[in-house]
$ cat protein27.pdb   # PDB, C-alpha atoms
ATOM      1  CA  MET R 230      -7.740  -9.631 -15.605
ATOM      2  CA  LYS R 231      -5.003 -10.617 -18.002
ATOM      3  CA  LEU R 232      -2.171  -9.020 -19.909
ATOM      4  CA  SER R 233      -1.550  -9.146 -23.618
ATOM      5  CA  PRO R 234       0.921 -10.608 -24.303
ATOM      6  CA  ARG R 235       0.168 -12.959 -21.437
ATOM      7  CA  HIS R 236       3.753 -13.219 -20.178
ATOM      8  CA  CYS R 237       5.566  -9.932 -19.798
ATOM      9  CA  ALA R 238       9.024  -9.766 -18.272
ATOM     10  CA  PRO R 239       9.942  -6.947 -15.906
ATOM     11  CA  VAL R 240      12.943  -4.793 -16.647
ATOM     12  CA  PRO R 241      15.885  -5.729 -14.404
ATOM     13  CA  GLU R 242      16.032  -2.182 -13.018
ATOM     14  CA  ALA R 243      12.511  -2.554 -11.614
ATOM     15  CA  LEU R 244      13.430  -5.744  -9.776
ATOM     16  CA  ALA R 245      16.627  -4.139  -8.434
ATOM     17  CA  ALA R 246      14.676  -1.096  -7.225
ATOM     18  CA  LEU R 247      12.300  -3.344  -5.272
ATOM     19  CA  VAL R 248      15.240  -4.996  -3.509
ATOM     20  CA  GLU R 249      16.792  -1.640  -2.564
ATOM     21  CA  ALA R 250      13.561   0.142  -1.595
ATOM     22  CA  ASP R 251      12.945   1.591   1.849
ATOM     23  CA  LEU R 252       9.198   1.718   1.103
ATOM     24  CA  ILE R 253       7.048   0.349  -1.704
ATOM     25  CA  THR R 254       3.784   2.141  -2.367
ATOM     26  CA  LEU R 255       0.823   1.118  -4.433
ATOM     27  CA  GLY R 256      -1.861   3.657  -5.216
ATOM     28  CA  PRO R 257      -3.636   5.864  -5.123
ATOM     29  CA  GLY R 258      -5.074   5.165  -8.522
ATOM     30  CA  SER R 259      -7.518   3.136 -10.507
ATOM     31  CA  LEU R 260      -7.337  -0.264  -8.839
ATOM     32  CA  TYR R 261      -8.048  -2.463 -11.858
ATOM     33  CA  THR R 262      -6.630  -0.290 -14.636
ATOM     34  CA  SER R 263      -3.555   1.330 -13.039
ATOM     35  CA  VAL R 264      -2.437  -0.664  -9.997
ATOM     36  CA  ILE R 265      -3.245  -4.335 -10.578
ATOM     37  CA  PRO R 266      -1.831  -4.536 -14.157
ATOM     38  CA  ASN R 267       1.647  -3.991 -12.670
ATOM     39  CA  LEU R 268       1.125  -7.060 -10.482
ATOM     40  CA  LEU R 269       0.420  -9.218 -13.526
ATOM     41  CA  VAL R 270       3.961  -8.798 -14.866
ATOM     42  CA  ASP R 271       5.945 -12.024 -14.359
ATOM     43  CA  GLY R 272       8.149 -11.854 -11.284
ATOM     44  CA  ILE R 273       6.819  -8.600  -9.831
ATOM     45  CA  PRO R 274       4.622 -10.119  -7.082
ATOM     46  CA  LYS R 275       7.443 -12.449  -5.999
ATOM     47  CA  ALA R 276       9.955  -9.574  -5.930
ATOM     48  CA  LEU R 277       7.517  -7.456  -3.922
ATOM     49  CA  ALA R 278       6.959 -10.253  -1.429
ATOM     50  CA  GLU R 279      10.688 -10.886  -1.034
ATOM     51  CA  SER R 280      11.559  -7.220  -0.550
ATOM     52  CA  GLU R 281      12.287  -6.217   3.053
ATOM     53  CA  ALA R 282      10.601  -2.850   2.448
ATOM     54  CA  PRO R 283       7.201  -2.113   3.960
ATOM     55  CA  LYS R 284       4.477  -2.283   1.313
ATOM     56  CA  ALA R 285       1.811   0.394   1.674
ATOM     57  CA  TRP R 286      -1.474   0.797  -0.149
ATOM     58  CA  ILE R 287      -2.411   4.465  -0.326
ATOM     59  CA  SER R 288      -6.144   4.177  -0.301
ATOM     60  CA  ASN R 289      -8.172   6.113  -2.793
ATOM     61  CA  LEU R 290     -10.347   8.756  -1.177
ATOM     62  CA  MET R 291     -13.499   7.811  -3.097
ATOM     63  CA  TRP R 292     -14.969   4.832  -4.893
ATOM     64  CA  GLN R 293     -14.319   4.839  -8.606
ATOM     65  CA  PRO R 294     -17.679   4.545 -10.381
ATOM     66  CA  GLY R 295     -17.795   1.495 -12.617
ATOM     67  CA  GLU R 296     -14.680   0.009 -11.009
ATOM     68  CA  THR R 297     -14.714  -0.002  -7.201
ATOM     69  CA  GLU R 298     -18.256   0.972  -6.230
ATOM     70  CA  GLY R 299     -19.022  -0.304  -2.759
ATOM     71  CA  TYR R 300     -15.377  -1.169  -2.001
ATOM     72  CA  SER R 301     -14.088  -0.767   1.521
ATOM     73  CA  ALA R 302     -10.371  -0.468   2.239
ATOM     74  CA  SER R 303     -10.141  -4.236   2.831
ATOM     75  CA  ASP R 304     -11.878  -4.949  -0.498
ATOM     76  CA  HIS R 305      -9.049  -3.088  -2.252
ATOM     77  CA  ILE R 306      -6.440  -5.137  -0.367
ATOM     78  CA  ARG R 307      -8.173  -8.436  -1.129
ATOM     79  CA  ALA R 308      -8.280  -7.548  -4.854
ATOM     80  CA  ILE R 309      -4.567  -6.719  -4.844
ATOM     81  CA  HIS R 310      -3.664  -9.955  -3.054
ATOM     82  CA  GLU R 311      -5.953 -12.050  -5.250
ATOM     83  CA  HIS R 312      -4.446 -10.756  -8.492
ATOM     84  CA  ALA R 313      -0.878 -10.920  -7.164
ATOM     85  CA  GLY R 314      -1.450 -14.494  -6.002
ATOM     86  CA  LEU R 315      -0.073 -13.751  -2.533
ATOM     87  CA  SER R 316      -0.330 -11.314   0.338
ATOM     88  CA  LEU R 317       1.776  -8.225  -0.279
ATOM     89  CA  ILE R 318       0.388  -5.234   1.572
ATOM     90  CA  ASP R 319       1.270  -4.746   5.227
ATOM     91  CA  THR R 320       0.147  -1.115   5.695
ATOM     92  CA  VAL R 321      -2.832   0.907   4.496
ATOM     93  CA  VAL R 322      -2.751   4.703   4.491
ATOM     94  CA  LEU R 323      -6.253   6.128   4.888
ATOM     95  CA  ASN R 324      -7.777   9.578   5.037
ATOM     96  CA  ARG R 325      -9.472  10.441   8.309
ATOM     97  CA  ARG R 326     -10.689  13.932   7.388
ATOM     98  CA  ARG R 327     -14.414  14.342   6.921
ATOM     99  CA  PHE R 328     -15.521  15.401   3.492
ATOM    100  CA  PRO R 329     -17.329  18.739   3.249
ATOM    101  CA  ALA R 330     -21.068  18.201   2.758
ATOM    102  CA  ASN R 331     -21.135  19.913  -0.645
ATOM    103  CA  MET R 332     -18.242  17.767  -1.935
ATOM    104  CA  LYS R 333     -19.790  14.563  -0.622
ATOM    105  CA  LYS R 334     -23.148  15.461  -2.206
ATOM    106  CA  ARG R 335     -21.549  16.158  -5.590
ATOM    107  CA  TYR R 336     -19.709  12.812  -5.548
ATOM    108  CA  LEU R 337     -22.855  10.955  -4.463
ATOM    109  CA  GLU R 338     -24.530  12.221  -7.639
ATOM    110  CA  HIS R 339     -21.940  10.141  -9.537
ATOM    111  CA  ASN R 340     -22.283   7.126  -7.217
ATOM    112  CA  ALA R 341     -18.958   7.781  -5.523
ATOM    113  CA  ARG R 342     -18.599   7.602  -1.763
ATOM    114  CA  PRO R 343     -15.575   7.755   0.518
ATOM    115  CA  VAL R 344     -13.525   4.569   0.860
ATOM    116  CA  GLU R 345     -14.119   3.462   4.440
ATOM    117  CA  GLN R 346     -11.793   1.842   6.922
ATOM    118  CA  ASP R 347     -13.261  -1.453   8.093
ATOM    119  CA  ASP R 348     -12.543  -4.016  10.788
ATOM    120  CA  GLU R 349     -11.463  -6.609   8.227
ATOM    121  CA  LEU R 350      -8.115  -4.820   7.799
ATOM    122  CA  ALA R 351      -7.094  -6.031  11.260
ATOM    123  CA  GLU R 352      -8.286  -9.535  10.389
ATOM    124  CA  LEU R 353      -6.005  -9.399   7.313
ATOM    125  CA  GLY R 354      -3.080  -8.393   9.551
ATOM    126  CA  ILE R 355      -2.837  -4.958   7.962
ATOM    127  CA  ASP R 356      -1.452  -1.987   9.868
ATOM    128  CA  VAL R 357      -3.564   1.127   9.449
ATOM    129  CA  VAL R 358      -2.177   4.641   9.315
ATOM    130  CA  THR R 359      -4.812   7.357   9.258
ATOM    131  CA  GLU R 360      -4.134  11.022   8.640
ATOM    132  CA  ASP R 361      -5.941  14.142   7.507
ATOM    133  CA  LEU R 362      -5.121  13.646   3.811
ATOM    134  CA  LEU R 363      -7.946  15.482   2.029
ATOM    135  CA  ALA R 364      -6.660  18.539   0.186
ATOM    136  CA  SER R 365      -8.661  21.712   0.359
ATOM    137  CA  GLY R 366     -10.684  22.589  -2.709
ATOM    138  CA  THR R 367     -13.718  21.249  -4.500
ATOM    139  CA  VAL R 368     -12.222  17.984  -5.786
ATOM    140  CA  ALA R 369     -11.389  14.954  -3.631
ATOM    141  CA  ARG R 370      -7.600  14.794  -3.866
ATOM    142  CA  HIS R 371      -4.819  13.801  -1.484
ATOM    143  CA  ASP R 372      -2.929  16.706   0.060
ATOM    144  CA  PRO R 373       0.570  16.067  -1.362
ATOM    145  CA  ASP R 374       2.480  17.559   1.599
ATOM    146  CA  ARG R 375       0.555  15.619   4.231
ATOM    147  CA  LEU R 376       0.769  12.390   2.272
ATOM    148  CA  ALA R 377       4.496  12.933   1.720
ATOM    149  CA  ARG R 378       5.055  13.322   5.481
ATOM    150  CA  VAL R 379       3.294  10.009   6.147
ATOM    151  CA  LEU R 380       5.258   8.214   3.438
ATOM    152  CA  VAL R 381       8.602   9.671   4.510
ATOM    153  CA  GLY R 382       7.893   8.402   8.034
ATOM    154  CA  LEU R 383       7.122   4.927   6.705
ATOM    155  CA  ALA R 384      10.233   5.009   4.504
ATOM    156  CA  ARG R 385      12.422   5.976   7.470
ATOM    157  CA  ARG R 386      11.111   2.989   9.391
ATOM    158  CA  GLY R 387      11.700   0.812   6.339
ATOM    159  CA  ARG R 388      15.290   2.022   6.075
ATOM    160  CA  ILE R 389      15.889   1.324   9.780
ATOM    161  CA  ARG R 390      14.493  -2.169   9.359
ATOM    162  CA  ARG R 391      16.562  -2.810   6.240
ATOM    163  CA  THR R 392      19.716  -1.542   7.937
ATOM    164  CA  GLN R 393      19.071  -3.778  10.936
ATOM    165  CA  GLU R 394      18.519  -6.761   8.642
ATOM    166  CA  GLU R 395      21.831  -6.059   6.889
ATOM    167  CA  ARG R 396      23.628  -5.941  10.246
ATOM    168  CA  LYS R 397      22.336  -9.300  11.472
ATOM    169  CA  VAL R 398      25.032 -11.567  12.766
ATOM    170  CA  PRO R 399      24.732 -15.043  11.267
ATOM    171  CA  VAL R 400      24.806 -18.072  13.503
ATOM    172  CA  GLY R 401      28.447 -18.977  13.740
ATOM    173  CA  ALA R 402      31.283 -20.081  15.940
ATOM    174  CA  SER R 403      30.340 -17.585  18.638
ATOM    175  CA  GLY R 404      27.018 -19.347  19.122
ATOM    176  CA  GLU R 405      25.122 -16.055  18.881
ATOM    177  CA  SER R 406      22.189 -15.924  16.589
ATOM    178  CA  ALA R 407      20.942 -12.986  14.592
ATOM    179  CA  PRO R 408      18.179 -10.923  16.184
ATOM    180  CA  GLY R 409      14.806 -12.071  14.920
ATOM    181  CA  GLY R 410      11.422 -10.564  14.316
ATOM    182  CA  ARG R 411      10.168  -7.579  12.463
ATOM    183  CA  THR R 412      11.378  -4.150  13.395
ATOM    184  CA  PHE R 413       8.584  -2.207  11.755
ATOM    185  CA  ARG R 414       4.933  -2.123  12.644
ATOM    186  CA  ALA R 415       3.091   1.063  11.915
ATOM    187  CA  GLY R 416       0.863   2.178  14.716
ATOM    188  CA  ARG R 417      -2.810   1.581  14.388
ATOM    189  CA  ALA R 418      -4.614   4.877  14.461
ATOM    190  CA  GLY R 419      -8.327   5.360  14.680
TER
END

$ encode --input "protein27.pdb" --output "structure tokens"
Amino acid sequence: MKLSPRHCAPVPEALAALVEADLITLGPGSLYTSVIPNLLVDGIPKALAESEAPKAWISNLMWQPGETEGYSASDHIRAIHEHAGLSLIDTVVLNRRRFPANMKKRYLEHNARPVEQDDELAELGIDVVTEDLLASGTVARHDPDRLARVLVGLARRGRIRRTQEERKVPVGASGESAPGGRTFRAGRAG
């Protein structure tokens, strides 16, 4: 993928928002036409990587025919990292609700299947949060209230971590060093 013009500068407000964020989310959306183009803007991947905020990929519920057919959750993450040029995502939010048979059958007719959680997420060091995210109805959509609860929980943890980072005591005359390590690791749910 490439942008035209090739070098696009981010607006300063976007970079400032990444620094101040309690949570940065990518997705759900068309991986190659909605999500990844944002990562091709000069400076955005670096600002994302430097941000203390957790970075969560909200996994699409289904493959997107012609774009992500056959993609597992880890395939999405690898594509994001490859185009960004570095590892960004630390958490994946996945649906764990089973799709009704009639919905699954209708999507299969268009070569779309559910995006599956796979063991490679753990190998990539990605925390997995699973929740019943499928909205009721005939179309595969995220339930906005359930997804919001998950994201608010992740944002709270991100704010706690950011606050703790801001309170670190630098190494100084007292000889005490700042507390180290990460303060946020989302639980792995099956």

$ residues_around --input "protein27.pdb" --residues "stretch 331-346 of chain R" --least-positions-apart "2" --cutoff "7 Å" --atoms "all atoms listed in the file" --output "MDAnalysis selection string"
chainID R and resid 289:294 298 300:302 328:329 367

$ atom_distance --input "protein27.pdb" --atom1 "atom CA of R:Asp251" --atom2 "atom CA of R:Leu317"
15.0 Å

$ resolve_selection --input "protein27.pdb" --expression "the PyMOL selection byres ((chain R and resi 253-257) around 8)" --output "PyMOL selection string"
chain R and resi 247+250-252+258-260+264+282-289

$ resolve_selection --input "protein27.pdb" --expression "the PyMOL selection byres ((chain R and resi 231) around 8)" --output "ChimeraX atom specification"
/R:230,232-233,235,266,269

$ residues_around --input "protein27.pdb" --residues "R:Asp372" --least-positions-apart "4" --cutoff "7 Å" --atoms "all atoms listed in the file" --output "CSV table (one decimal) with C-alpha atoms, in the frame of the given file"
chain,number,residue,atom,x,y,z
R,362,LEU,CA,-5.1,13.6,3.8
R,363,LEU,CA,-7.9,15.5,2.0
R,364,ALA,CA,-6.7,18.5,0.2
R,376,LEU,CA,0.8,12.4,2.3

$ closest_residue --input "protein27.pdb" --among "R:Ile355, R:Ala384, R:Tyr261, R:His305" --to "R:Asp319" --atoms "only C-alpha atoms"
R:Ile355

$ atom_distance --input "protein27.pdb" --atom1 "atom CA of R:Glu395" --atom2 "atom CA of R:Ala246"
16.6 Å

$ atom_distance --input "protein27.pdb" --atom1 "atom CA of R:Ile306" --atom2 "atom CA of R:Ser263"
14.5 Å

$ resolve_selection --input "protein27.pdb" --expression "the PyMOL selection byres ((chain R and resi 239) around 9)" --output "PyMOL selection string"
chain R and resi 237-238+240-244+270-273

$ closest_residue --input "protein27.pdb" --among "R:Arg307, R:Arg385, R:His371, R:His312" --to "R:Leu353" --atoms "only C-alpha atoms"
R:Arg307

$ closest_residue --input "protein27.pdb" --among "R:Gly382, R:Gly354, R:Pro274, R:Gly295" --to "R:Ile309" --atoms "only C-alpha atoms"
R:Pro274

$ residues_near_point --input "protein27.pdb" --point "(-4.1, 6.0, 9.1)" --cutoff "6 Å" --atoms "only C-alpha atoms" --output "compact mmCIF listing (two decimals) with C-alpha atoms, keeping the file's coordinate frame"
# COMPACT_ATOMS: atom_id res chain seq x y z
CA VAL R 322 -2.75 4.70 4.49
CA LEU R 323 -6.25 6.13 4.89
CA VAL R 357 -3.56 1.13 9.45
CA VAL R 358 -2.18 4.64 9.32
CA THR R 359 -4.81 7.36 9.26
CA GLU R 360 -4.13 11.02 8.64
CA ALA R 418 -4.61 4.88 14.46

$ residues_around --input "protein27.pdb" --residues "R:Glu279" --least-positions-apart "3" --cutoff "8 Å" --atoms "all atoms listed in the file" --output "PDB file with C-alpha atoms, in the coordinates of the input"
ATOM      1  CA  VAL R 248      15.240  -4.996  -3.509  1.00  0.00           C
ATOM      2  CA  LYS R 275       7.443 -12.449  -5.999  1.00  0.00           C
ATOM      3  CA  ALA R 276       9.955  -9.574  -5.930  1.00  0.00           C
TER       4      ALA R 276
END

$ closest_residue --input "protein27.pdb" --among "R:Arg391, R:Ala313, R:Asp361, R:His236" --to "R:Arg375" --atoms "all atoms listed in the file"
R:Asp361

$ closest_residue --input "protein27.pdb" --among "R:Gly299, R:Gly314, R:Pro234, R:Gly366" --to "R:Ile265" --atoms "all atoms listed in the file"
R:Gly314

$ build_atoms --input "protein27.pdb" --residues "stretch 287-320 of chain R" --atoms "N, CA and C atoms" --output "mmCIF file, in the coordinates of the input"
data_model
loop_
_atom_site.group_PDB
_atom_site.id
_atom_site.type_symbol
_atom_site.label_atom_id
_atom_site.label_comp_id
_atom_site.auth_asym_id
_atom_site.auth_seq_id
_atom_site.Cartn_x
_atom_site.Cartn_y
_atom_site.Cartn_z
ATOM 1 N N ILE R 287 -1.871 3.135 -0.590
ATOM 2 C CA ILE R 287 -2.411 4.465 -0.326
ATOM 3 C C ILE R 287 -3.828 4.433 -0.855
ATOM 4 N N SER R 288 -4.751 4.361 0.079
ATOM 5 C CA SER R 288 -6.144 4.177 -0.301
ATOM 6 C C SER R 288 -6.678 5.368 -1.081
ATOM 7 N N ASN R 289 -7.451 5.056 -2.096
ATOM 8 C CA ASN R 289 -8.172 6.113 -2.793
ATOM 9 C C ASN R 289 -9.117 6.783 -1.799
ATOM 10 N N LEU R 290 -9.429 8.032 -2.054
ATOM 11 C CA LEU R 290 -10.347 8.756 -1.177
ATOM 12 C C LEU R 290 -11.791 8.350 -1.434
ATOM 13 N N MET R 291 -12.123 8.108 -2.688
ATOM 14 C CA MET R 291 -13.499 7.811 -3.097
ATOM 15 C C MET R 291 -13.547 6.536 -3.932
ATOM 16 N N TRP R 292 -14.733 5.934 -3.962
ATOM 17 C CA TRP R 292 -14.969 4.832 -4.893
ATOM 18 C C TRP R 292 -14.748 5.360 -6.302
ATOM 19 N N GLN R 293 -14.391 4.464 -7.208
ATOM 20 C CA GLN R 293 -14.319 4.839 -8.606
ATOM 21 C C GLN R 293 -15.530 4.224 -9.299
ATOM 22 N N PRO R 294 -16.476 5.077 -9.734
ATOM 23 C CA PRO R 294 -17.679 4.545 -10.381
ATOM 24 C C PRO R 294 -17.324 3.614 -11.541
ATOM 25 N N GLY R 295 -18.023 2.480 -11.569
ATOM 26 C CA GLY R 295 -17.795 1.495 -12.617
ATOM 27 C C GLY R 295 -16.611 0.577 -12.353
ATOM 28 N N GLU R 296 -15.854 0.829 -11.279
ATOM 29 C CA GLU R 296 -14.680 0.009 -11.009
ATOM 30 C C GLU R 296 -14.647 -0.482 -9.560
ATOM 31 N N THR R 297 -14.829 0.402 -8.605
ATOM 32 C CA THR R 297 -14.714 -0.002 -7.201
ATOM 33 C C THR R 297 -15.902 0.472 -6.369
ATOM 34 N N GLU R 298 -17.056 0.564 -6.978
ATOM 35 C CA GLU R 298 -18.256 0.972 -6.230
ATOM 36 C C GLU R 298 -18.501 -0.012 -5.093
ATOM 37 N N GLY R 299 -18.730 0.522 -3.910
ATOM 38 C CA GLY R 299 -19.022 -0.304 -2.759
ATOM 39 C C GLY R 299 -17.793 -0.880 -2.077
ATOM 40 N N TYR R 300 -16.598 -0.599 -2.570
ATOM 41 C CA TYR R 300 -15.377 -1.169 -2.001
ATOM 42 C C TYR R 300 -14.974 -0.461 -0.712
ATOM 43 N N SER R 301 -14.707 -1.264 0.290
ATOM 44 C CA SER R 301 -14.088 -0.767 1.521
ATOM 45 C C SER R 301 -12.574 -0.846 1.324
ATOM 46 N N ALA R 302 -11.831 -0.376 2.313
ATOM 47 C CA ALA R 302 -10.371 -0.468 2.239
ATOM 48 C C ALA R 302 -9.928 -1.926 2.127
ATOM 49 N N SER R 303 -10.555 -2.825 2.889
ATOM 50 C CA SER R 303 -10.141 -4.236 2.831
ATOM 51 C C SER R 303 -10.495 -4.879 1.488
ATOM 52 N N ASP R 304 -11.548 -4.422 0.832
ATOM 53 C CA ASP R 304 -11.878 -4.949 -0.498
ATOM 54 C C ASP R 304 -10.757 -4.643 -1.490
ATOM 55 N N HIS R 305 -10.179 -3.447 -1.388
ATOM 56 C CA HIS R 305 -9.049 -3.088 -2.252
ATOM 57 C C HIS R 305 -7.871 -4.032 -1.993
ATOM 58 N N ILE R 306 -7.569 -4.269 -0.727
ATOM 59 C CA ILE R 306 -6.440 -5.137 -0.367
ATOM 60 C C ILE R 306 -6.667 -6.552 -0.868
ATOM 61 N N ARG R 307 -7.878 -7.078 -0.661
ATOM 62 C CA ARG R 307 -8.173 -8.436 -1.129
ATOM 63 C C ARG R 307 -8.011 -8.545 -2.644
ATOM 64 N N ALA R 308 -8.426 -7.524 -3.389
ATOM 65 C CA ALA R 308 -8.280 -7.548 -4.854
ATOM 66 C C ALA R 308 -6.802 -7.550 -5.251
ATOM 67 N N ILE R 309 -6.003 -6.758 -4.560
ATOM 68 C CA ILE R 309 -4.567 -6.719 -4.844
ATOM 69 C C ILE R 309 -3.951 -8.085 -4.576
ATOM 70 N N HIS R 310 -4.238 -8.654 -3.415
ATOM 71 C CA HIS R 310 -3.664 -9.955 -3.054
ATOM 72 C C HIS R 310 -4.146 -11.062 -3.988
ATOM 73 N N GLU R 311 -5.410 -11.023 -4.352
ATOM 74 C CA GLU R 311 -5.953 -12.050 -5.250
ATOM 75 C C GLU R 311 -5.245 -12.027 -6.601
ATOM 76 N N HIS R 312 -5.072 -10.846 -7.172
ATOM 77 C CA HIS R 312 -4.446 -10.756 -8.492
ATOM 78 C C HIS R 312 -2.946 -11.002 -8.436
ATOM 79 N N ALA R 313 -2.315 -10.662 -7.312
ATOM 80 C CA ALA R 313 -0.878 -10.920 -7.164
ATOM 81 C C ALA R 313 -0.617 -12.397 -6.890
ATOM 82 N N GLY R 314 -1.608 -13.083 -6.338
ATOM 83 C CA GLY R 314 -1.450 -14.494 -6.002
ATOM 84 C C GLY R 314 -0.832 -14.715 -4.638
ATOM 85 N N LEU R 315 -0.610 -13.650 -3.897
ATOM 86 C CA LEU R 315 -0.073 -13.751 -2.533
ATOM 87 C C LEU R 315 -0.303 -12.445 -1.789
ATOM 88 N N SER R 316 -0.137 -12.503 -0.492
ATOM 89 C CA SER R 316 -0.330 -11.314 0.338
ATOM 90 C C SER R 316 0.898 -10.422 0.231
ATOM 91 N N LEU R 317 0.677 -9.163 -0.096
ATOM 92 C CA LEU R 317 1.776 -8.225 -0.279
ATOM 93 C C LEU R 317 1.724 -7.035 0.672
ATOM 94 N N ILE R 318 0.542 -6.505 0.856
ATOM 95 C CA ILE R 318 0.388 -5.234 1.572
ATOM 96 C C ILE R 318 0.449 -5.467 3.071
ATOM 97 N N ASP R 319 1.250 -4.660 3.769
ATOM 98 C CA ASP R 319 1.270 -4.746 5.227
ATOM 99 C C ASP R 319 0.758 -3.476 5.902
ATOM 100 N N THR R 320 0.615 -2.382 5.136
ATOM 101 C CA THR R 320 0.147 -1.115 5.695
ATOM 102 C C THR R 320 -0.835 -0.463 4.736
#
